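K.L.:
Before we start, here is the structure in question, set down as structure tokens.
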Amino acid sequence: MKKFTKEHEWISLEGDVATIGITDHASHELGDITFVELPNIGDQASSGEVLTVVESVKAASDVFSPVSGTICEINQELENNPALVNESPEEEGWICKVKDVDSSELDDLMEESEYRAYVEAL
Amino acid sequence: MPYIANTENDAREMLDVIGCRDFDDLWTKAEVKGPYPQFKYMPRARSEFEVMKQAKKLASKNKIDLVNFVGAGYYDHVIPSAVSEVTARSEFYTAYTPYQPEASQGTLQAIYEYQTAICRLTGMAVSNASLYDGGTAIFEAMMLGCRVTKKRRVVISEAVSPIFRKMLHCYCRNLNVELVEVPCAGVESSIVSLLDAVNDKTACVIVQYPNFFGTVEDWTLFIEAIHKRGAVAICSTYPVSLAILKTPGEMGFDIVTAEGQSLGIPLSFGGPYLGVMAVNEKCMRKIPGRVCGQTVDKEGKIGYVLTLQAREQHIRREEAMSNICSNESLCALTALAYLTFVGKEGLKHVANLCSAKAVYLRNLLTDIKGVEAVGNSPFFNEFIIKFPCDAGAIVQKLINKGYVSGFPLGRYYETRRNQLLVSVTEKRTKEEMKGLANAMEAVLWN
């Protein structure tokens, strides 16, 4: 199950582990990404709170966590190659994984088609 | 300072805008205790000429041309005249920093070179373009420590300058930061008590190197221990001493700050001084203020630009890392010119002279009956002596003999009433030191 937020994060849930990243649209808007600040494994993510920061040539932007849980994996690849977020924002450019996620937290988020329409309307 | 006169109409208009009848009304509404002050020493409504005359008369009461043995964070070093020849050039002589790379290559290159000098001196990876003074630098370092760790407990040693600590307490009063002070006896920083105060909620530990009492301590093992507890290590340092001491970078500090006055900036009550800040790579992206970087243009020629600015306030506004909007460029340029003219070997020579003269003076003073050395730890150019009476009284008497003999510690440390912090720089001659010793003996025993 893959869902989208108004703040342009995507979240994909398998069991109680969610993978989180920024959307294709967000990566385009930010421009060349120069640094992704990776959260620490074991830290708590809270729904609606700042998860991490993505820095591009234009600005440093907050990435919000769509769900609550514990950070269990981070995309180490981004440390040396932050441009991966530009190249493949919704696949290889994922940022981190969060465990112990309550799937009902995703209910209010947008489906892919809804999100695409939301972006069109911006 | 220009003499700015407000007409009665100017005053009336301003009062009308804020809805006050007169200055007494403004004073009451501002909820200031007591009546509107009468300026006893300065007559009201006089001409510029008369005001200047009065001000000069008051200024002449200051003692000048005293032989200076006060340090406590601000030091009386030799400044080559060539330094001001460079900084007074009209291309540089502005407190405002022009940042546009297309128009400011000279300024940006100077900042870049200043940063390089600071990195080499401190042994750190990245320096910013400077901050206002040592005090604001230490505050920004504390906030950086909190940002990097996302924690709010700050542990600070009592052997950090009391002036800086007072300032930090003032800042923290309205911030969600818990500032914990660890007392120390003697001349050392009580490393064990500091370590005890560091728990898993601690964002950073702030120490001074050499500490406020002049003592040089190796923090390497301490830093290893606090890193294990997830805290960031910050030190405030004395740049000249780093020419011969183990650098903060070698010891593993994450953030280094300093009052940069000792690098070619004359002593002046109120400044302008220089805030130095350098960090390791871990803190690089969260360093406050401007950072200059070297790059190449489309033809491959070297050029200088601002870099790592994505989190700064002109881009992130209210979510910026700090509210530092300017640097102290002219003072940073002064430091760069000083370091360039003195040179790497020259700075070592300066530092060695300071330290050798300090040993000489300490021996001279502690030979005086009633004067004792406090502590027996390695020191750089500053040390504590103890009198059988209040040190402040001795300082007063020595001023009349032409010497500012040191910083009486009782001013900030209740239990150190009899202690005097004495500092020596390369400027002090053997005659001046002997003169101080003779005057001190006379003041104590005649």
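For the structure tokens, the naming scheme is as follows: chains receive sequential letters (A, B, ...) according to their order of presentation, residues are indexed from 1 within each chain, and ligands are indexed from 1 in presentation order.
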Write out as a list in words which residues come within 12 Å of A:Pro39 when counting only C-alpha atoms, dropping same-chain ones fewer than 6 positions away.

P.N.:
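Non-adjacent residues within range: Ile20, Ala45, Val50, Leu51, Thr52, Val53, Val54, Val63, Phe64, Ser65, Thr70, Ile71, Cys72, Glu73, Ile74, Asn75, Gln76, Leu78, Glu79, Ile95, Cys96, Lys97 and Val98 of chain A; Val148, Thr149 and Lys150 of chain B.
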
K.L.:
If you run DSSP on this backbone, which residues of stretch 11-55 of chain A come out as alpha helix (DSSP H), and could you give them as a list in words?

P.N.:
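Alpha helix (DSSP H) members of stretch 11-55 of chain A, listed: Asp24, His25, Ala26, Ser27, His28, Glu29 and Leu30 of chain A.
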
K.L.:
Could you build a table of the residues in chain A lying no more than 10 Å from chain B, giving for each the nearest pair of atoms and their separation in Å rounded to one decimal place, using only C-alpha atoms, ordered by chain and ascending residue number, as a tab-separated table?

P.N.:
residue	atom	partner	partner_atom	distance
A:Thr34	CA	B:Leu308	CA	9.8
A:Phe35	CA	B:Arg285	CA	9.1
A:Glu37	CA	B:Arg285	CA	9.2
A:Val53	CA	B:Arg311	CA	9.8
A:Val54	CA	B:Ala310	CA	9.8
A:Glu55	CA	B:Ala310	CA	6.6
A:Ser56	CA	B:Ala310	CA	7.2
A:Val57	CA	B:Ala310	CA	7.0
A:Lys58	CA	B:Ala310	CA	6.5
A:Ala59	CA	B:Ala310	CA	4.4
A:Ala60	CA	B:Ala310	CA	5.1
A:Ser61	CA	B:Arg316	CA	8.3
A:Asp62	CA	B:Glu319	CA	9.4

K.L.:
Please measure the separation of atom CA of A:Asp16 and atom CA of A:Gln44, giving the value in Å to one decimal.

P.N.:
14.8 Å

K.L.:
Hey, could you make a per-residue contact list for stretch 343-442 of chain B against stretch 48-66 of chain B with 9 Å as the cut-off, showing the nearest pair of atoms and its distance in Å to one decimal, counting only C-alpha atoms, sorted by chain and number, as JSON lines?

P.N.:
{"residue": "B:Ile399", "atom": "CA", "partner": "B:Leu66", "partner_atom": "CA", "distance": 7.4}
{"residue": "B:Asn400", "atom": "CA", "partner": "B:Lys63", "partner_atom": "CA", "distance": 9.0}
{"residue": "B:Lys401", "atom": "CA", "partner": "B:Leu66", "partner_atom": "CA", "distance": 8.7}
{"residue": "B:Gly402", "atom": "CA", "partner": "B:Leu66", "partner_atom": "CA", "distance": 5.0}
{"residue": "B:Tyr403", "atom": "CA", "partner": "B:Leu66", "partner_atom": "CA", "distance": 5.3}
{"residue": "B:Val404", "atom": "CA", "partner": "B:Leu66", "partner_atom": "CA", "distance": 6.3}

K.L.:
Quick one: DSSP strand (DSSP E or B) residues in chain A, as a compact mmCIF listing (two decimals) with N, CA, C and O atoms, in the first residue's frame?

P.N.:
# COMPACT_ATOMS: atom_id res chain seq x y z
N LYS A 2 0.69 2.12 -0.99
CA LYS A 2 1.48 3.35 -1.07
C LYS A 2 0.55 4.56 -0.99
O LYS A 2 -0.43 4.63 -1.70
N LYS A 3 0.88 5.49 -0.13
CA LYS A 3 0.04 6.68 0.06
C LYS A 3 0.88 7.95 0.00
O LYS A 3 2.11 7.89 0.06
N PHE A 4 0.20 9.09 -0.08
CA PHE A 4 0.89 10.37 -0.27
C PHE A 4 0.36 11.43 0.69
O PHE A 4 -0.80 11.39 1.08
N GLU A 9 5.33 13.86 0.87
CA GLU A 9 6.06 12.65 1.21
C GLU A 9 5.25 11.47 0.67
O GLU A 9 4.04 11.56 0.54
N TRP A 10 5.95 10.39 0.36
CA TRP A 10 5.23 9.15 0.06
C TRP A 10 5.54 8.13 1.14
O TRP A 10 6.60 8.20 1.79
N ILE A 11 4.63 7.22 1.37
CA ILE A 11 4.84 6.19 2.39
C ILE A 11 4.30 4.87 1.85
O ILE A 11 3.23 4.82 1.27
N SER A 12 5.11 3.84 2.00
CA SER A 12 4.66 2.54 1.49
C SER A 12 4.75 1.55 2.65
O SER A 12 5.78 1.44 3.32
N LEU A 13 3.64 0.88 2.93
CA LEU A 13 3.55 0.02 4.12
C LEU A 13 3.56 -1.46 3.76
O LEU A 13 2.81 -1.91 2.90
N GLU A 14 4.46 -2.19 4.42
CA GLU A 14 4.47 -3.66 4.29
C GLU A 14 4.47 -4.22 5.69
O GLU A 14 5.43 -4.03 6.43
N VAL A 17 5.95 -2.24 8.78
CA VAL A 17 7.13 -1.43 8.45
C VAL A 17 6.80 -0.52 7.26
O VAL A 17 6.36 -0.98 6.21
N ALA A 18 7.05 0.79 7.47
CA ALA A 18 6.75 1.75 6.41
C ALA A 18 8.05 2.33 5.86
O ALA A 18 8.96 2.63 6.60
N THR A 19 8.10 2.46 4.52
CA THR A 19 9.23 3.13 3.88
C THR A 19 8.76 4.54 3.51
O THR A 19 7.65 4.71 3.02
N ILE A 20 9.63 5.52 3.78
CA ILE A 20 9.24 6.92 3.57
C ILE A 20 10.24 7.63 2.67
O ILE A 20 11.45 7.39 2.75
N GLY A 21 9.71 8.49 1.80
CA GLY A 21 10.59 9.29 0.95
C GLY A 21 9.86 10.54 0.51
O GLY A 21 8.74 10.82 0.96
N ILE A 22 10.49 11.34 -0.36
CA ILE A 22 9.80 12.50 -0.89
C ILE A 22 9.37 12.20 -2.33
O ILE A 22 9.99 11.39 -3.02
N ILE A 33 19.52 18.08 -5.26
CA ILE A 33 19.64 17.80 -3.83
C ILE A 33 21.10 17.53 -3.48
O ILE A 33 21.77 16.73 -4.14
N THR A 34 21.60 18.27 -2.49
CA THR A 34 23.02 18.20 -2.16
C THR A 34 23.30 17.45 -0.87
O THR A 34 24.42 17.06 -0.59
N PHE A 35 22.26 17.25 -0.07
CA PHE A 35 22.48 16.60 1.22
C PHE A 35 21.17 16.11 1.80
O PHE A 35 20.17 16.82 1.77
N VAL A 36 21.18 14.89 2.28
CA VAL A 36 20.01 14.38 3.00
C VAL A 36 20.47 14.05 4.41
O VAL A 36 21.38 13.25 4.62
N GLU A 37 19.88 14.74 5.36
CA GLU A 37 20.24 14.48 6.76
C GLU A 37 19.48 13.23 7.18
O GLU A 37 18.27 13.24 7.26
N GLN A 44 12.52 7.95 17.66
CA GLN A 44 11.07 7.88 17.48
C GLN A 44 10.62 8.86 16.40
O GLN A 44 11.05 10.00 16.37
N ALA A 45 9.77 8.39 15.49
CA ALA A 45 9.15 9.28 14.52
C ALA A 45 7.73 9.53 15.00
O ALA A 45 7.07 8.62 15.50
N VAL A 50 8.67 16.81 12.31
CA VAL A 50 9.80 16.79 11.39
C VAL A 50 10.59 15.49 11.54
O VAL A 50 10.98 15.11 12.64
N LEU A 51 10.78 14.81 10.43
CA LEU A 51 11.51 13.54 10.43
C LEU A 51 12.97 13.81 10.12
O LEU A 51 13.89 13.29 10.75
N THR A 52 13.18 14.64 9.12
CA THR A 52 14.54 14.95 8.72
C THR A 52 14.54 16.16 7.80
O THR A 52 13.50 16.78 7.59
N VAL A 53 15.72 16.51 7.28
CA VAL A 53 15.84 17.68 6.43
C VAL A 53 16.55 17.31 5.14
O VAL A 53 17.53 16.58 5.15
N VAL A 54 16.00 17.78 4.03
CA VAL A 54 16.62 17.56 2.73
C VAL A 54 17.13 18.91 2.24
O VAL A 54 16.40 19.90 2.25
N GLU A 55 18.40 18.93 1.84
CA GLU A 55 19.01 20.19 1.45
C GLU A 55 19.31 20.18 -0.05
O GLU A 55 19.93 19.27 -0.56
N SER A 56 18.82 21.22 -0.73
CA SER A 56 19.11 21.33 -2.15
C SER A 56 19.87 22.62 -2.40
O SER A 56 20.13 23.37 -1.47
N ALA A 60 16.95 24.33 2.40
CA ALA A 60 16.86 23.13 3.24
C ALA A 60 15.39 22.99 3.62
O ALA A 60 14.79 23.93 4.11
N SER A 61 14.81 21.83 3.34
CA SER A 61 13.37 21.66 3.58
C SER A 61 13.12 20.51 4.54
O SER A 61 13.77 19.48 4.47
N ASP A 62 12.16 20.73 5.43
CA ASP A 62 11.79 19.69 6.37
C ASP A 62 11.03 18.57 5.67
O ASP A 62 10.24 18.82 4.76
N VAL A 63 11.29 17.35 6.11
CA VAL A 63 10.49 16.21 5.67
C VAL A 63 9.70 15.77 6.91
O VAL A 63 10.28 15.52 7.96
N PHE A 64 8.37 15.71 6.77
CA PHE A 64 7.53 15.36 7.92
C PHE A 64 7.21 13.87 7.89
O PHE A 64 7.07 13.27 6.83
N GLY A 69 6.24 5.83 14.84
CA GLY A 69 6.91 4.54 14.93
C GLY A 69 8.37 4.72 15.30
O GLY A 69 8.79 5.80 15.71
N THR A 70 9.13 3.66 15.13
CA THR A 70 10.56 3.70 15.47
C THR A 70 11.37 3.55 14.19
O THR A 70 11.10 2.65 13.38
N ILE A 71 12.35 4.41 14.01
CA ILE A 71 13.18 4.34 12.81
C ILE A 71 14.05 3.08 12.88
O ILE A 71 14.78 2.87 13.86
N CYS A 72 13.92 2.21 11.86
CA CYS A 72 14.62 0.92 11.93
C CYS A 72 15.64 0.76 10.82
O CYS A 72 16.50 -0.12 10.87
N GLU A 73 15.57 1.60 9.79
CA GLU A 73 16.55 1.48 8.71
C GLU A 73 16.67 2.84 8.04
O GLU A 73 15.70 3.57 7.94
N ILE A 74 17.90 3.17 7.59
CA ILE A 74 18.08 4.41 6.84
C ILE A 74 18.79 4.10 5.53
O ILE A 74 19.52 3.11 5.45
N CYS A 96 14.03 6.59 4.78
CA CYS A 96 14.17 5.70 5.94
C CYS A 96 12.97 4.78 6.08
O CYS A 96 11.95 4.96 5.41
N LYS A 97 13.14 3.78 6.94
CA LYS A 97 12.04 2.85 7.25
C LYS A 97 11.66 3.00 8.71
O LYS A 97 12.52 3.17 9.56
N VAL A 98 10.36 2.91 8.96
CA VAL A 98 9.83 3.07 10.32
C VAL A 98 9.04 1.82 10.67
O VAL A 98 8.22 1.37 9.87
N LYS A 99 9.31 1.26 11.88
CA LYS A 99 8.55 0.07 12.27
C LYS A 99 7.51 0.38 13.34
O LYS A 99 7.48 1.50 13.85
N MET A 110 -3.51 10.41 0.98
CA MET A 110 -4.05 10.34 -0.38
C MET A 110 -3.56 9.10 -1.13
O MET A 110 -2.43 8.66 -0.95

K.L.:
At a cut-off of 12 Å, using only C-alpha atoms, what residues contact A:Val119? Leave out same-chain residues fewer than 6 positions from it and give the result as a list of chain:residue names.

P.N.:
A:Phe4, A:Thr5, A:Lys6, A:Glu7, A:His8, A:Thr23, A:Asp24, A:His25, A:Ala26, A:Glu29, A:Met110, A:Glu112, A:Ser113

K.L.:
Would you output that residue set with C-alpha atoms, as a compact mmCIF listing (two decimals), in the first residue's frame?

P.N.:
# COMPACT_ATOMS: atom_id res chain seq x y z
CA PHE A 4 0.89 10.37 -0.27
CA THR A 5 0.80 13.47 1.95
CA LYS A 6 0.02 17.09 1.22
CA GLU A 7 3.60 17.90 2.24
CA HIS A 8 4.80 15.70 -0.64
CA THR A 23 7.72 12.50 -4.06
CA ASP A 24 8.79 12.96 -7.64
CA HIS A 25 7.07 16.36 -7.62
CA ALA A 26 8.92 17.46 -4.45
CA GLU A 29 10.59 21.50 -7.02
CA MET A 110 -4.05 10.34 -0.38
CA GLU A 112 -1.65 7.96 -5.86
CA SER A 113 -4.36 9.20 -8.26

K.L.:
How many Å separate atom CA of B:Leu263 from atom CA of B:Val83?

P.N.:
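Here the two named atoms are 10.3 Å from each other.
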
K.L.:
Which of these residues is nearest to B:Glu217, using only C-alpha atoms: B:Pro266, B:Pro378, B:Pro80, B:Gly293?

P.N.:
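Looking only at the distances to B:Glu217, the closest residue turns out to be B:Pro378.
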
K.L.:
So what do you get for atom CA of B:Val240 versus atom CA of B:Ser130, distance-wise?

P.N.:
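Atom CA of B:Ser130 lies 16.7 Å from atom CA of B:Val240.
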
K.L.:
For B:Glu91, which residue among B:Val216, B:Leu330, B:Gly271, B:Leu144 is the nearest when counting only C-alpha atoms?

P.N.:
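When distances to B:Glu91 are compared using only C-alpha atoms, the smallest one comes from B:Leu330.
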
K.L.:
Which neighbours of stretch 98-105 of chain B fall inside 9 Å, counting only C-alpha atoms, when residues of the same chain fewer than 2 positions from it are skipped, and could you give them as a ChimeraX atom specification?

P.N.:
/B:96,107-110,303-306

K.L.:
Using the selection just defined, write its residues with C-alpha atoms as an mmCIF file, in the first residue's frame.

P.N.:
data_model
loop_
_atom_site.group_PDB
_atom_site.id
_atom_site.type_symbol
_atom_site.label_atom_id
_atom_site.label_comp_id
_atom_site.auth_asym_id
_atom_site.auth_seq_id
_atom_site.Cartn_x
_atom_site.Cartn_y
_atom_site.Cartn_z
ATOM 1 C CA TYR B 96 28.974 45.652 6.119
ATOM 2 C CA THR B 107 36.138 40.413 0.265
ATOM 3 C CA LEU B 108 35.063 36.817 -0.223
ATOM 4 C CA GLN B 109 38.658 35.691 -0.811
ATOM 5 C CA ALA B 110 39.730 37.459 2.390
ATOM 6 C CA GLY B 303 36.325 32.045 -7.531
ATOM 7 C CA TYR B 304 34.780 32.532 -4.088
ATOM 8 C CA VAL B 305 31.121 32.254 -3.084
ATOM 9 C CA LEU B 306 28.969 31.818 0.000
#

K.L.:
Tell me, as a VMD selection string, which residues lie within 12 Å of stretch 183-191 of chain B, counting only C-alpha atoms; anything in the same chain fewer than 2 positions away does not count.

P.N.:
chain B and resid 155 to 162 180 to 181 193 to 198 205 to 223 225 to 226 373 to 379 382 to 386 409 413 to 416 419 to 421

K.L.:
Nearest to A:Pro66: which of A:Asp102, A:Glu120, A:Glu90, A:Glu114 is it, counting only C-alpha atoms?

P.N.:
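The answer is A:Asp102, which sits nearest to A:Pro66.
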